[in-house]
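Printed here is query_26.cif (mmCIF, C-alpha atoms):
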data_data
#
loop_
_atom_site.label_atom_id
_atom_site.label_comp_id
_atom_site.auth_asym_id
_atom_site.auth_seq_id
_atom_site.Cartn_x
_atom_site.Cartn_y
_atom_site.Cartn_z
CA MET A 1 -27.58 -4.69 34.69
CA ALA A 2 -29.36 -6.31 31.71
CA ALA A 3 -30.04 -2.87 30.24
CA ALA A 4 -26.33 -2.01 30.41
CA ALA A 5 -25.40 -5.29 28.72
CA GLY A 6 -28.02 -4.71 26.00
CA PHE A 7 -26.71 -1.21 25.41
CA SER A 8 -23.14 -2.54 25.13
CA VAL A 9 -24.22 -5.07 22.51
CA PHE A 10 -26.07 -2.32 20.61
CA VAL A 11 -22.98 -0.08 20.67
CA ALA A 12 -20.74 -2.95 19.50
CA VAL A 13 -23.06 -3.80 16.60
CA ALA A 14 -23.41 -0.13 15.64
CA TRP A 15 -19.62 0.29 15.70
CA PHE A 16 -19.14 -2.82 13.53
CA VAL A 17 -21.70 -1.59 10.99
CA TRP A 18 -20.03 1.84 10.95
CA LEU A 19 -16.66 0.19 10.24
CA LEU A 20 -18.14 -1.79 7.37
CA LEU A 21 -19.71 1.31 5.85
CA THR A 22 -16.65 3.55 6.19
CA SER A 23 -13.84 1.09 5.48
CA PRO A 24 -12.27 1.11 2.05
CA SER A 25 -13.80 -1.57 -0.10
CA GLU A 26 -11.64 -3.96 -2.04
CA PRO A 27 -13.55 -3.57 -5.34
CA ASP A 28 -12.42 0.06 -5.34
CA GLY A 29 -8.91 -1.26 -4.84
CA PHE A 30 -8.02 0.63 -1.71
CA GLY A 31 -7.93 -2.19 0.82
CA GLN A 32 -5.26 -2.67 3.45
CA ASP A 33 -3.06 -4.77 1.17
CA HIS A 34 -2.84 -1.90 -1.29
CA GLN A 35 -2.15 0.58 1.50
CA GLU A 36 0.74 -1.56 2.73
CA GLN A 37 2.29 -1.73 -0.74
CA SER A 38 1.83 2.00 -1.26
CA ALA A 39 3.46 2.80 2.06
CA VAL A 40 6.50 0.66 1.30
CA ALA A 41 6.85 2.10 -2.22
CA SER A 42 6.53 5.61 -0.84
CA CYS A 43 9.29 4.84 1.66
CA TRP A 44 11.64 3.71 -1.10
CA ARG A 45 10.71 6.73 -3.25
CA GLY A 46 11.79 8.93 -0.37
CA ILE A 47 15.13 7.15 -0.19
CA ARG A 48 15.55 7.33 -3.97
CA ASP A 49 14.74 11.03 -4.05
CA GLY A 50 16.92 11.85 -1.04
CA SER A 51 14.20 13.11 1.30
CA ILE A 52 15.14 10.33 3.74
CA SER A 53 18.38 8.38 4.03
CA ASP A 54 17.19 4.86 4.88
CA THR A 55 14.20 2.73 5.87
CA THR A 56 14.51 3.63 9.55
CA GLN A 57 13.16 7.06 8.58
CA CYS A 58 10.07 5.62 6.86
CA SER A 59 6.68 5.79 8.51
CA ASP A 60 6.03 3.26 11.25
CA TYR A 61 3.38 1.71 9.01
CA ALA A 62 5.84 1.25 6.14
CA GLN A 63 8.51 -0.10 8.48
CA ALA A 64 6.08 -2.68 9.81
CA HIS A 65 5.54 -4.02 6.29
CA LEU A 66 9.03 -3.82 4.75
CA ASP A 67 9.76 -7.50 5.34
CA PHE A 68 6.80 -8.52 3.19
CA PHE A 69 8.44 -7.07 0.08
CA THR A 70 12.01 -8.37 0.20
CA GLU A 71 11.69 -10.03 -3.22
CA GLN A 72 11.51 -6.57 -4.80
CA LEU A 73 14.74 -5.35 -3.20
CA ALA A 74 17.50 -4.34 -5.61
CA PRO A 75 21.02 -2.96 -5.12
CA ASP A 76 19.70 0.62 -5.36
CA ALA A 77 16.63 2.55 -4.23
CA ALA A 78 15.53 3.54 -7.73
CA THR A 79 15.36 -0.03 -8.99
CA THR A 80 13.74 -1.19 -5.75
CA THR A 81 11.05 1.48 -6.20
CA CYS A 82 10.48 0.38 -9.80
CA ASN A 83 10.21 -3.26 -8.71
CA LEU A 84 7.75 -2.37 -5.95
CA SER A 85 5.59 -0.35 -8.36
CA ARG A 86 5.53 -3.17 -10.92
CA SER A 87 4.70 -5.71 -8.23
CA HIS A 88 1.87 -3.58 -6.86
CA LEU A 89 0.39 -3.11 -10.34
CA ALA A 90 0.55 -6.84 -11.04
CA TYR A 91 -1.09 -7.57 -7.68
CA ALA A 92 -3.83 -5.00 -8.31
CA ARG A 93 -4.57 -6.39 -11.77
CA ASN A 94 -5.18 -9.80 -10.19
CA SER A 95 -6.91 -8.81 -6.96
CA SER A 96 -8.86 -5.71 -8.03
CA PRO A 97 -9.38 -5.89 -11.81
CA ASP A 98 -12.40 -3.58 -11.65
CA ALA A 99 -10.57 -0.85 -9.71
CA THR A 100 -9.95 1.32 -12.75
CA ALA A 101 -8.86 4.41 -10.81
CA LEU A 102 -6.32 2.43 -8.80
CA LEU A 103 -5.00 0.63 -11.88
CA ALA A 104 -4.59 3.93 -13.75
CA GLN A 105 -2.74 5.44 -10.78
CA LEU A 106 -0.45 2.42 -10.48
CA GLU A 107 0.28 2.42 -14.22
CA GLU A 108 1.37 6.06 -13.91
CA GLU A 109 3.55 5.19 -10.92
CA VAL A 110 5.21 2.33 -12.80
CA GLN A 111 5.90 4.64 -15.75
CA ALA A 112 7.39 7.33 -13.49
CA ASP A 113 9.29 4.99 -11.18
CA CYS A 114 10.72 2.74 -13.87
CA SER A 115 11.79 5.59 -16.14
CA HIS A 116 13.78 7.24 -13.34
CA PRO A 117 17.36 7.80 -14.55
CA ASP A 118 18.89 5.87 -11.65
CA VAL A 119 17.05 2.61 -12.38
CA THR A 120 19.49 -0.10 -13.39
CA ARG A 121 18.38 -2.17 -16.35
#

Please go through the file and, once you have read it, give me the structure as structure tokens.
Amino acid sequence: MAAAAGFSVFVAVAWFVWLLLTSPSEPDGFGQDHQEQSAVASCWRGIRDGSISDTTQCSDYAQAHLDFFTEQLAPDAATTTCNLSRSHLAYARNSSPDATALLAQLEEEVQADCSHPDVTR
């Protein structure tokens, strides 16, 4: 019985260490908070581009996080996408200033999303 309990503790510790080693690290900028923002922005890009018609067709992950980004909502999908991209870049600059790859990617997304012809000024 004690051997089984010891083995269970060993497995739990090994699993925890594995999670730490394989989980995205925040200094690289790819933590859960960034994944949530990317999922929601991707959802709105799909609506803007016509590949989906509304948020009910977004991924379950994006749908679970839509309510966290209501301040970025605009009357149209293009402007909402631009707002979400700008917000994500601002957040990344504050939370992950050393994540140069992420910041470069987000700057490109802001440029593309905010120069879309349907964005209202």

Enter the distance from CA of Glu36 in chain A to CA of Ala92 in chain A, in Å, rounded to one decimal.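 Separating CA of Glu36 in chain A from CA of Ala92 in chain A is a distance of 12.4 Å.
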
Residue members of the PyMOL selection byres ((chain A and resi 77) around 7) in the file shown, as a ChimeraX atom specification: /A:44,47-48,76,78-81

Residues near Leu89 in chain A, anyone? I mean within 12 Å using all atoms listed in the file, not counting same-chain ones fewer than 5 positions away, as a VMD selection string. chain A and resid 29 34 37 to 38 41 82 to 84 94 to 97 99 to 111

Could you take the residues named above and write them with C-alpha atoms, as a CSV table (one decimal), keeping the file's coordinate frame?
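So the final result, stored in out-v6.csv, reads:
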chain,number,residue,atom,x,y,z
A,29,GLY,CA,-8.9,-1.3,-4.8
A,34,HIS,CA,-2.8,-1.9,-1.3
A,37,GLN,CA,2.3,-1.7,-0.7
A,38,SER,CA,1.8,2.0,-1.3
A,41,ALA,CA,6.8,2.1,-2.2
A,82,CYS,CA,10.5,0.4,-9.8
A,83,ASN,CA,10.2,-3.3,-8.7
A,84,LEU,CA,7.8,-2.4,-6.0
A,94,ASN,CA,-5.2,-9.8,-10.2
A,95,SER,CA,-6.9,-8.8,-7.0
A,96,SER,CA,-8.9,-5.7,-8.0
A,97,PRO,CA,-9.4,-5.9,-11.8
A,99,ALA,CA,-10.6,-0.8,-9.7
A,100,THR,CA,-10.0,1.3,-12.8
A,101,ALA,CA,-8.9,4.4,-10.8
A,102,LEU,CA,-6.3,2.4,-8.8
A,103,LEU,CA,-5.0,0.6,-11.9
A,104,ALA,CA,-4.6,3.9,-13.8
A,105,GLN,CA,-2.7,5.4,-10.8
A,106,LEU,CA,-0.4,2.4,-10.5
A,107,GLU,CA,0.3,2.4,-14.2
A,108,GLU,CA,1.4,6.1,-13.9
A,109,GLU,CA,3.6,5.2,-10.9
A,110,VAL,CA,5.2,2.3,-12.8
A,111,GLN,CA,5.9,4.6,-15.8

I need the output of the PyMOL selection byres ((chain A and resi 55) around 12) for this file as number ranges by chain; which residues are they? A: 39-48, 50-54, 56-67, 77

Just the number, please: distance in Å from CA of Gln72 in chain A to CA of Asp49 in chain A, one decimal.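 These atoms are spaced 17.9 Å apart.
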
Please measure the separation of CA of Asp98 in chain A and CA of Gly31 in chain A, giving the value in Å to one decimal.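 Pair CA of Asp98 in chain A / CA of Gly31 in chain A returns 13.3 Å.
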